[in-house]
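Source file: start_2.txt (compact mmCIF, C-alpha atoms and all ligand atoms)
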# COMPACT_ATOMS: atom_id res chain seq x y z
CA MET A 229 -3.78 -15.75 10.43
CA LYS A 230 -0.56 -15.48 12.44
CA VAL A 231 -0.47 -12.80 15.13
CA VAL A 232 2.12 -11.32 17.46
CA ILE A 233 0.88 -10.03 20.80
CA ALA A 234 2.84 -8.05 23.37
CA HIS A 235 1.63 -6.83 26.75
CA GLU A 236 -0.83 -3.98 27.17
CA SER A 237 0.59 -0.45 27.41
CA ALA A 238 3.53 -1.78 25.45
CA ASP A 239 6.93 -0.45 26.43
CA PHE A 240 9.88 -0.31 24.04
CA ASP A 241 10.90 -3.89 24.82
CA ALA A 242 7.41 -5.17 24.02
CA PHE A 243 7.18 -3.08 20.83
CA ALA A 244 10.67 -4.02 19.61
CA ALA A 245 10.17 -7.70 20.42
CA ALA A 246 6.91 -7.60 18.45
CA ALA A 247 8.72 -6.03 15.48
CA LEU A 248 11.43 -8.72 15.67
CA ALA A 249 8.81 -11.47 15.89
CA THR A 250 7.18 -10.29 12.66
CA ARG A 251 10.57 -10.84 11.01
CA LEU A 252 11.09 -14.28 12.50
CA TYR A 253 7.55 -15.49 11.77
CA GLU A 254 6.81 -14.89 8.12
CA GLY A 255 3.37 -13.44 7.52
CA ALA A 256 2.75 -12.68 11.20
CA VAL A 257 1.24 -9.31 12.08
CA TYR A 258 1.60 -7.40 15.35
CA VAL A 259 -1.77 -6.77 16.97
CA ALA A 260 -1.62 -3.81 19.38
CA THR A 261 -3.96 -4.99 22.12
CA GLY A 262 -3.81 -2.35 24.80
CA GLY A 263 -2.09 0.92 23.96
CA PHE A 264 1.50 2.08 24.13
CA GLY A 265 3.62 3.75 26.79
CA ARG A 266 4.44 7.46 26.58
CA GLY A 267 7.58 7.42 24.40
CA VAL A 268 6.52 4.30 22.47
CA ARG A 269 3.43 5.86 20.96
CA ALA A 270 5.43 8.76 19.52
CA PHE A 271 7.99 6.31 18.10
CA ALA A 272 5.29 4.01 16.71
CA THR A 273 3.49 6.88 14.97
CA LEU A 274 6.68 8.16 13.36
CA HIS A 275 7.66 4.67 12.17
CA ARG A 276 4.31 3.14 11.31
CA ASP A 277 5.41 2.47 7.72
CA ARG A 278 8.48 0.61 9.04
CA PHE A 279 7.03 -1.22 12.03
CA HIS A 280 3.48 -2.23 11.17
CA TYR A 281 0.75 -3.09 13.60
CA ILE A 282 -2.97 -3.44 13.40
CA ASP A 283 -5.65 -2.54 15.88
CA VAL A 284 -7.15 -5.36 17.90
CA ALA A 285 -10.56 -4.72 16.28
CA SER A 286 -9.08 -5.80 12.93
CA MET A 287 -8.19 -9.26 14.24
CA ASP A 288 -10.60 -12.14 13.78
CA ALA A 289 -9.76 -14.24 16.86
CA ALA A 290 -11.43 -17.34 15.40
CA LYS A 291 -9.07 -17.31 12.38
CA VAL A 292 -5.83 -17.17 14.32
CA THR A 293 -3.69 -20.28 13.83
CA LEU A 294 -0.51 -19.05 15.54
CA ALA A 295 -0.23 -16.58 18.42
CA VAL A 296 3.29 -15.42 19.27
CA LEU A 297 3.37 -13.82 22.72
CA VAL A 298 6.36 -11.55 23.24
CA ASP A 299 7.52 -9.92 26.49
CA VAL A 300 4.43 -11.40 28.14
CA ARG A 301 2.88 -14.71 29.02
CA ARG A 302 0.70 -13.73 31.97
CA LEU A 303 -2.84 -13.93 30.57
CA SER A 304 -4.11 -10.87 32.45
CA ARG A 305 -1.54 -8.67 30.71
CA LEU A 306 -2.48 -9.58 27.13
CA GLY A 307 -4.90 -6.68 26.75
CA LYS A 308 -8.25 -6.77 24.98
CA VAL A 309 -8.09 -10.23 23.39
CA ARG A 310 -10.74 -12.13 25.32
CA ALA A 311 -11.82 -14.45 22.49
CA LEU A 312 -8.24 -15.40 21.63
CA GLN A 313 -7.35 -15.74 25.29
CA GLU A 314 -10.25 -18.12 25.73
CA ARG A 315 -8.86 -20.34 22.93
CA ILE A 316 -5.39 -20.23 24.51
CA VAL A 317 -6.71 -21.22 27.93
CA ARG A 318 -8.77 -24.13 26.67
CA GLY A 319 -5.77 -25.43 24.66
CA ASP A 320 -7.55 -25.25 21.29
CA PRO A 321 -5.64 -27.78 19.09
CA SER A 322 -6.05 -25.57 16.01
CA LEU A 323 -4.11 -22.77 17.72
CA GLU A 324 -0.37 -22.83 18.21
CA VAL A 325 1.05 -20.59 20.96
CA HIS A 326 4.69 -19.51 21.03
CA VAL A 327 6.10 -17.53 23.93
CA TRP A 328 9.23 -15.32 24.02
CA ASP A 329 9.58 -13.76 27.44
CA HIS A 330 11.94 -12.79 30.23
CA HIS A 331 9.51 -12.29 33.13
CA ALA A 332 9.27 -14.48 36.20
CA ALA A 333 6.75 -17.34 36.03
CA SER A 334 3.28 -16.77 37.43
CA ALA A 335 0.26 -18.96 38.16
CA GLU A 336 -1.65 -17.46 35.23
CA ASP A 337 0.89 -18.01 32.48
CA ALA A 338 -0.40 -18.98 29.04
CA PRO A 339 0.17 -22.65 28.15
CA ALA A 340 2.51 -22.68 25.15
CA THR A 341 3.50 -25.01 22.31
CA LEU A 342 6.95 -23.45 22.29
CA ALA A 343 8.39 -21.28 25.05
CA VAL A 344 11.66 -19.40 24.99
CA VAL A 345 11.83 -17.92 28.47
CA GLU A 346 15.13 -16.78 29.88
CA ARG A 347 16.01 -14.33 32.60
CA VAL A 348 17.85 -11.84 30.44
CA GLY A 349 17.42 -8.08 30.73
CA SER A 350 15.15 -7.70 27.73
CA THR A 351 13.00 -9.92 25.54
CA THR A 352 14.47 -8.10 22.54
CA THR A 353 17.82 -9.75 23.37
CA LEU A 354 16.26 -13.23 23.05
CA LEU A 355 14.63 -12.58 19.68
CA LEU A 356 17.69 -10.76 18.37
CA GLU A 357 19.87 -13.75 19.23
CA GLU A 358 17.53 -15.90 17.16
CA LEU A 359 17.64 -13.42 14.27
CA ARG A 360 21.44 -13.44 14.35
CA ALA A 361 21.56 -17.23 14.57
CA ARG A 362 19.57 -17.30 11.33
CA GLY A 363 22.11 -15.01 9.71
CA LEU A 364 19.60 -12.19 9.20
CA GLU A 365 20.58 -8.52 9.16
CA VAL A 366 19.05 -5.27 10.41
CA ASP A 367 19.31 -1.73 9.05
CA HIS A 368 20.03 1.35 11.15
CA VAL A 369 16.35 2.09 11.85
CA GLU A 370 15.72 -1.41 13.18
CA ALA A 371 19.01 -1.34 15.08
CA THR A 372 17.87 1.90 16.73
CA LEU A 373 14.54 0.44 17.90
CA TYR A 374 16.10 -2.75 19.26
CA ALA A 375 18.86 -0.84 21.03
CA LEU A 376 16.27 1.52 22.48
CA ALA A 377 14.42 -1.51 23.86
CA ILE A 378 17.52 -2.94 25.51
CA HIS A 379 18.38 0.46 27.00
CA ALA A 380 14.85 0.88 28.34
CA ASP A 381 14.51 -2.56 29.94
CA THR A 382 18.01 -2.68 31.44
CA GLY A 383 18.34 0.96 32.53
CA SER A 384 21.12 1.27 29.93
CA LEU A 385 22.69 -1.98 31.20
CA THR A 386 22.63 -0.98 34.88
CA PHE A 387 19.57 -2.79 36.28
CA ALA A 388 20.15 -5.95 38.29
CA ASN A 389 18.44 -8.05 35.59
CA THR A 390 21.05 -7.14 32.95
CA THR A 391 23.17 -9.95 31.52
CA ALA A 392 26.26 -10.06 29.32
CA ARG A 393 23.93 -11.25 26.53
CA ASP A 394 22.08 -7.91 26.61
CA ALA A 395 25.39 -6.05 26.41
CA SER A 396 26.51 -8.19 23.44
CA ALA A 397 23.21 -7.62 21.67
CA LEU A 398 23.53 -3.88 22.25
CA ALA A 399 27.11 -3.82 21.00
CA TRP A 400 26.04 -5.67 17.85
CA LEU A 401 23.24 -3.16 17.25
CA MET A 402 25.63 -0.23 17.71
CA GLY A 403 27.79 -1.82 15.04
CA ARG A 404 24.70 -1.81 12.78
CA GLY A 405 24.25 1.96 13.18
CA ALA A 406 21.84 2.29 16.13
CA ASP A 407 21.34 6.05 16.32
CA LEU A 408 22.17 7.49 19.75
CA ALA A 409 20.48 10.84 19.11
CA VAL A 410 17.21 9.08 18.27
CA ILE A 411 17.62 6.69 21.20
CA ASN A 412 18.11 9.57 23.64
CA ARG A 413 15.14 11.45 22.25
CA PHE A 414 12.72 8.58 22.86
CA LEU A 415 14.35 6.98 25.88
CA ASP A 416 14.08 10.03 28.09
CA PRO A 417 11.52 12.39 26.58
CA PRO A 418 11.03 15.76 28.28
CA TRP A 419 8.38 15.79 30.97
CA SER A 420 4.94 17.21 30.32
CA ALA A 421 3.58 20.13 32.38
CA LEU A 422 1.16 17.63 33.95
CA GLN A 423 4.05 15.46 35.13
CA ARG A 424 5.86 18.46 36.61
CA GLY A 425 2.67 19.54 38.42
CA ALA A 426 2.18 16.00 39.76
CA LEU A 427 5.78 15.95 41.02
CA GLU A 428 5.37 19.28 42.82
CA ARG A 429 2.12 18.37 44.55
CA ALA A 430 3.37 14.91 45.48
CA LEU A 431 6.54 16.36 47.03
CA GLU A 432 4.44 18.59 49.27
CA SER A 433 2.68 15.53 50.63
CA LEU A 434 5.83 13.48 51.24
CA THR A 435 5.99 11.63 54.54
CA VAL A 436 8.70 9.20 55.57
CA ARG A 437 8.20 6.25 57.90
CA VAL A 438 10.86 3.93 59.21
CA LEU A 439 9.47 0.42 58.84
CA ARG A 440 11.66 -2.43 60.12
CA GLY A 441 14.73 -0.26 59.63
CA ALA A 442 13.85 0.67 56.05
CA ARG A 443 13.03 4.27 55.13
CA VAL A 444 9.71 4.18 53.29
CA ALA A 445 8.18 7.29 51.70
CA PHE A 446 4.52 7.89 50.93
CA VAL A 447 3.16 10.58 48.62
CA SER A 448 -0.31 11.26 47.29
CA ALA A 449 -1.83 13.78 44.91
CA GLU A 450 -4.73 14.24 42.55
CA VAL A 451 -3.80 14.19 38.87
CA SER A 452 -5.69 14.73 35.64
CA THR A 453 -6.75 11.65 33.68
CA GLN A 454 -4.66 13.14 30.84
CA CYS A 455 -1.48 12.79 32.89
CA GLU A 456 0.78 10.07 31.49
CA GLY A 457 4.18 8.94 32.68
CA LEU A 458 3.43 8.80 36.41
CA ASP A 459 5.91 5.92 36.63
CA GLU A 460 8.68 8.36 35.69
CA VAL A 461 7.40 10.81 38.30
CA CYS A 462 7.48 8.04 40.89
CA SER A 463 11.10 7.11 40.09
CA GLU A 464 12.10 10.75 40.39
CA LEU A 465 10.28 11.08 43.72
CA LEU A 466 12.15 8.06 45.06
CA ARG A 467 15.45 9.67 44.11
CA LEU A 468 14.50 13.00 45.70
CA SER A 469 13.21 11.36 48.88
CA ALA A 470 16.50 9.50 49.49
CA CYS A 471 14.42 6.62 50.86
CA ASP A 472 14.66 2.85 50.36
CA ALA A 473 11.20 2.68 48.82
CA LEU A 474 8.44 5.03 47.76
CA PHE A 475 4.71 4.47 47.35
CA SER A 476 2.89 7.09 45.28
CA LEU A 477 -0.92 7.15 45.41
CA TRP A 478 -2.57 9.10 42.62
CA THR A 479 -6.24 9.94 42.51
CA GLN A 480 -6.96 9.89 38.79
CA GLY A 481 -10.61 10.06 37.72
CA PRO A 482 -12.56 7.14 39.22
CA LYS A 483 -9.36 5.32 40.17
CA LEU A 484 -6.60 5.44 42.70
CA ARG A 485 -3.39 4.43 40.94
CA VAL A 486 -0.62 3.18 43.17
CA ILE A 487 2.90 3.16 41.75
CA ALA A 488 5.79 1.97 43.89
CA ARG A 489 9.55 1.83 43.49
CA SER A 490 12.22 0.26 45.66
CA ARG A 491 15.79 1.48 45.37
CA THR A 492 17.65 -1.71 46.20
CA GLY A 493 14.91 -4.28 46.61
CA LEU A 494 15.35 -4.18 50.40
CA VAL A 495 11.60 -3.50 50.50
CA ASP A 496 9.67 -5.79 48.13
CA VAL A 497 7.13 -3.39 46.62
CA ALA A 498 5.38 -6.07 44.53
CA SER A 499 4.42 -8.05 47.60
CA ALA A 500 3.53 -4.82 49.42
CA LEU A 501 0.88 -4.11 46.76
CA GLU A 502 -0.59 -7.63 46.67
CA GLY A 503 -3.23 -6.66 49.23
CA LEU A 504 -4.47 -4.04 46.76
CA GLY A 505 -4.61 -6.53 43.89
CA GLY A 506 -1.41 -5.16 42.37
CA GLY A 507 1.88 -6.71 41.37
CA GLY A 508 5.09 -6.33 39.42
CA HIS A 509 8.72 -6.76 40.35
CA ARG A 510 10.50 -6.49 43.67
CA THR A 511 11.74 -3.00 42.73
CA ALA A 512 8.79 -1.71 40.67
CA ALA A 513 5.10 -2.43 41.07
CA THR A 514 1.65 -0.95 40.48
CA ALA A 515 -1.94 -1.36 41.61
CA ALA A 516 -5.26 0.23 40.67
CA VAL A 517 -8.06 0.67 43.17
CA ARG A 518 -11.62 1.84 42.37
CA VAL A 519 -12.57 4.90 44.41
CA GLU A 520 -16.27 4.97 43.39
CA SER A 521 -18.40 6.99 45.79
CA ARG A 522 -15.90 6.90 48.66
CA ASP A 523 -13.96 9.89 49.92
CA PRO A 524 -10.62 9.79 48.03
CA SER A 525 -8.62 10.86 51.08
CA GLN A 526 -10.15 7.98 53.04
CA VAL A 527 -9.24 5.54 50.25
CA ILE A 528 -5.67 6.86 50.31
CA ALA A 529 -5.51 6.45 54.09
CA ASP A 530 -6.91 2.91 53.89
CA CYS A 531 -4.54 1.88 51.11
CA SER A 532 -1.55 3.36 52.98
CA THR A 533 -2.52 1.29 56.01
CA VAL A 534 -2.70 -1.88 53.90
CA ILE A 535 0.72 -1.12 52.35
CA GLU A 536 2.32 -0.30 55.68
CA GLY A 537 1.00 -3.53 57.18
CA ALA A 538 2.35 -5.52 54.24
CA VAL A 539 5.79 -3.88 54.52
CA LEU A 540 5.87 -4.54 58.26
CA ALA A 541 5.12 -8.21 57.55
CA GLN A 542 8.20 -8.49 55.31
CA ARG A 543 11.45 -9.89 56.55
CA ILE A 544 13.41 -6.72 55.95
CA ALA A 545 16.85 -7.11 57.37
CA PRO A 546 19.41 -4.53 56.32
CA LEU A 547 22.95 -5.68 56.96
CA ARG A 548 24.07 -4.36 60.35
CA VAL A 549 27.51 -3.37 61.58
CA SER A 550 27.27 -6.17 64.17
CA GLU A 551 27.36 -8.67 61.26
CA LEU A 552 30.31 -7.02 59.53
CA MET A 553 32.60 -6.09 62.41
CA SER A 554 35.56 -8.00 63.74
CA SER A 555 35.38 -8.70 67.43
CA PRO A 556 36.99 -8.68 69.93
CA VAL A 557 39.32 -5.87 68.95
CA HIS A 558 43.06 -5.95 69.50
CA SER A 559 44.01 -2.74 71.23
CA VAL A 560 47.15 -1.11 72.55
CA LEU A 561 47.90 1.00 75.61
CA PRO A 562 48.93 4.66 75.27
CA SER A 563 52.27 3.75 76.82
CA ALA A 564 53.11 1.04 74.26
CA ASP A 565 56.43 1.84 72.60
CA LEU A 566 56.60 1.87 68.84
CA ARG A 567 58.62 -1.31 68.53
CA ALA A 568 56.07 -3.25 70.59
CA LEU A 569 53.31 -1.61 68.59
CA ARG A 570 54.82 -2.70 65.28
CA GLU A 571 55.30 -6.23 66.60
CA SER A 572 51.66 -6.38 67.73
CA LEU A 573 50.32 -5.16 64.40
CA ARG A 574 52.51 -7.68 62.60
CA GLN A 575 51.25 -10.52 64.79
CA TRP A 576 47.62 -9.54 64.40
CA ARG A 577 48.16 -8.80 60.72
CA HIS A 578 46.33 -5.51 61.17
CA SER A 579 47.25 -2.17 59.71
CA GLY A 580 45.98 -0.24 62.73
CA ALA A 581 44.65 -0.54 66.27
CA PRO A 582 42.66 1.51 68.77
CA VAL A 583 44.42 2.96 71.78
CA LEU A 584 42.61 2.32 75.06
CA ARG A 585 43.27 3.93 78.43
CA GLU A 586 41.44 2.19 81.24
CA ARG A 587 39.26 0.59 78.58
CA LYS A 588 38.27 4.01 77.23
CA LEU A 589 38.99 4.79 73.59
CA VAL A 590 41.50 7.64 73.37
CA GLY A 591 42.94 7.34 69.86
CA ILE A 592 43.85 5.15 66.95
CA VAL A 593 47.27 4.24 65.58
CA CYS A 594 47.99 2.97 62.10
CA ALA A 595 50.98 1.44 60.37
CA ALA A 596 51.41 4.46 58.09
CA ASP A 597 51.85 6.81 61.08
CA LEU A 598 54.25 4.33 62.61
CA ASP A 599 56.31 4.33 59.41
CA ARG A 600 56.44 8.11 59.39
CA ALA A 601 57.52 8.29 63.04
CA GLU A 602 60.27 5.77 62.41
CA ALA A 603 61.40 7.58 59.28
CA ARG A 604 61.78 10.72 61.38
CA GLY A 605 63.83 8.72 63.87
CA ASP A 606 61.14 9.07 66.53
CA SER A 607 61.17 5.38 67.46
CA ALA A 608 61.53 6.20 71.16
CA LEU A 609 57.98 7.60 71.23
CA SER A 610 54.89 5.79 72.53
CA ALA A 611 51.51 5.07 70.96
CA ALA A 612 50.06 8.13 72.73
CA ALA A 613 52.45 10.41 70.79
CA ILE A 614 51.51 9.22 67.31
CA MET A 615 47.87 8.25 67.77
CA ARG A 616 45.19 10.08 65.85
CA GLN A 617 42.11 11.76 67.22
CA PRO A 618 39.21 11.98 67.06
CA VAL A 619 38.45 8.31 66.49
CA ARG A 620 35.50 7.78 64.20
CA THR A 621 32.96 5.41 65.71
CA THR A 622 29.71 3.68 64.98
CA THR A 623 27.35 1.34 66.81
CA GLU A 624 26.42 -2.31 66.41
CA ASP A 625 22.92 -1.62 65.12
CA ALA A 626 24.04 0.91 62.51
CA THR A 627 23.48 -0.40 58.97
CA LEU A 628 26.03 -1.04 56.26
CA GLU A 629 24.71 2.12 54.56
CA ASP A 630 25.38 4.14 57.73
CA ALA A 631 28.91 2.75 57.91
CA LEU A 632 29.60 3.53 54.24
CA ASP A 633 28.28 7.08 54.69
CA ALA A 634 30.44 7.60 57.78
CA MET A 635 33.61 6.30 56.07
CA ALA A 636 33.02 8.55 53.06
CA LYS A 637 32.14 11.59 55.15
CA TRP A 638 35.23 11.36 57.38
CA ASP A 639 37.48 9.78 54.75
CA VAL A 640 38.48 6.92 57.06
CA GLY A 641 38.83 3.20 56.44
CA ARG A 642 38.10 2.09 60.01
CA LEU A 643 35.25 2.68 62.41
CA LEU A 644 35.41 1.56 66.01
CA VAL A 645 32.16 0.01 67.17
CA LEU A 646 31.03 1.25 70.57
CA ARG A 647 28.46 -0.08 73.00
CA GLY A 648 28.14 2.83 75.39
CA ASP A 649 31.78 3.62 76.20
CA GLU A 650 33.03 0.14 75.52
CA VAL A 651 34.81 -0.82 72.29
CA VAL A 652 33.12 -4.00 71.08
CA GLY A 653 34.41 -4.27 67.52
CA ILE A 654 35.94 -2.65 64.50
CA VAL A 655 34.60 -2.40 60.98
CA THR A 656 37.03 -1.66 58.18
CA ARG A 657 36.82 -0.70 54.54
CA VAL A 658 37.66 -4.32 53.69
CA ASP A 659 34.62 -5.52 55.68
CA ALA A 660 32.41 -2.91 54.05
CA ARG A 661 33.70 -3.75 50.59
CA ARG A 662 33.19 -7.46 51.12
CA ALA A 663 29.54 -6.75 51.97
CA LEU A 664 29.11 -4.40 49.03
CA TYR A 665 30.50 -6.93 46.58
CA ARG A 666 28.45 -9.63 48.32
CA GLU A 667 31.45 -11.81 49.04
CA ASP A 668 30.98 -14.36 51.89
CA VAL A 669 28.80 -12.16 54.11
CA ARG A 670 25.96 -14.01 55.93
MN MN A 701 10.55 -6.56 28.83

So, in terms of structure tokens, how does the structure I just supplied come out?
Amino acid sequence: MKVVIAHESADFDAFAAAALATRLYEGAVYVATGGFGRGVRAFATLHRDRFHYIDVASMDAAKVTLAVLVDVRRLSRLGKVRALQERIVRGDPSLEVHVWDHHAASAEDAPATLAVVERVGSTTTLLLEELRARGLEVDHVEATLYALAIHADTGSLTFANTTARDASALAWLMGRGADLAVINRFLDPPWSALQRGALERALESLTVRVLRGARVAFVSAEVSTQCEGLDEVCSELLRLSACDALFSLWTQGPKLRVIARSRTGLVDVASALEGLGGGGHRTAATAAVRVESRDPSQVIADCSTVIEGAVLAQRIAPLRVSELMSSPVHSVLPSADLRALRESLRQWRHSGAPVLRERKLVGIVCAADLDRAEARGDSALSAAAIMRQPVRTTTEDATLEDALDAMAKWDVGRLLVLRGDEVVGIVTRVDARRALYREDVR
């Protein structure tokens, strides 16, 4: 017997990769080992005659000769396959193990006879490349599932893990008739009343702490055991909180489920949940804690303390204005005449300069204003006559985000950096852009 196994609570990438594997391995059957995610189950039910799977109870682990693991190789995520897992771990010579995966390596990865592991956005991309290399085709229903998987795992090609290979695979599938209406229906299904209730109660509990310069939100609420899709609720809460990271703690039956999201990866939420036995990615992680006979609010308080301690132990270092700014700053006196001003800007190769009177910032002049003054024939004027006010300023310990917000808010491309009254630097749109595009900063 040849089996395909994806991870438990299979997402679209796992489900699609399993479907692809059954095409690449003739006679292999997908064994659903640990349930499906919210949208996946609805899709799987509707397409069961197209994308077959059997329940784990129908698999005789002793008879398996080939196990193809897709979108997973961490043994603890295989689901309810203890007997098969035991054969994998002991390296049973009568069992071949093939792995197709895109996750980071872990200490508990299954030993494999063949492993195709690459850091692309979705495992579906890897298997689809193999299918195409063999000259095989897909119809519009298959194309829809595989496209759905790539959309789901790459955030429609916007997540940091996305590669050009995922985009090519998606383009190919669109050419094969991947149906956008069906994709949209399953990719972002409407929320249930339980999810909306969870969101509302969690929002009421929202608290924000500044930990090592990062804004970290905590929410907690009790939810019914019927409530699915708390991961979506958590992502929405992060967006609404406008924080760098959010930890949501849900009392659900006998368990406390912790779901965390990090907006930019500044806070590593996977490592923050390690102390609770959880894990995941830098930007998305989960943990489950048994509440048992303890007071749930005490468990929430204890877990929050563990998380906060773990975040404080991280080397979180948002980029500061002090690292971006140019210093010292060339400045001009209010009395500088325009010809001297132009000559200075040319020499410094700057398009503007602050105007200082007795070392106090009184205005800013820029080449464009100089051009206008000269065009009007006002070249006899001084810097004081054409300088602009107020001058927009920031401080050395402001973050890149603060600087970007300030530039956008005031529609300026330069911020003078002040320490008390003293001008200690200047940060420009070019500096900010260089940091944003991660060119030679640090
Ligand atoms: Mn995946």

Edge lengths and centre in Å, axis-aligned, stretch 438-448 of chain A plus 6 Å each side, as AutoDock Vina command-line options:
--center_x 7.2 --center_y 4.4 --center_z 53.7 --size_x 27.0 --size_y 25.7 --size_z 24.8

**OP:** Identify, counting only C-alpha atoms and all ligand atoms, the protein, DNA and RNA residues located within 9 Å of ligand MN 701 (chain A), and give them as a PyMOL selection string.
**Re:** chain A and resi 239-242+245+298-300+329-331+349-352+377-378+380-382

Subject >> A:His368 environment, 10 Å, all atoms listed in the file, sequence neighbours closer than 6 positions dropped, as an MDAnalysis selection string >> reply: chainID A and resid 374 401:407

Subject >> Atomic separation - atom CA of A:Ile487 relative to atom CA of A:Ala529, Å >> reply: 15.3 Å

**OP:** Would you work out the distance separating atom CA of A:Pro339 from atom CA of A:Val325, expressed in Å to one decimal?
**Re:**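 For atom CA of A:Pro339 relative to atom CA of A:Val325, the distance reads 7.5 Å.
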
Subject >> Given all atoms listed in the file as the counted atoms, nearest of A:Asp523, A:Glu324, A:Val284, A:Val451 to A:Leu342 >> reply: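 Looking at the shortest contact to A:Leu342, the residue is A:Glu324.
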
Original post:
Got a sec to check which residues sit within 6 Å of (5.9, -0.6, 43.7), counting all atoms listed in the file, and write them as an MDAnalysis selection string?
Top reply: chainID A and resid 487:489 497:498 512:514
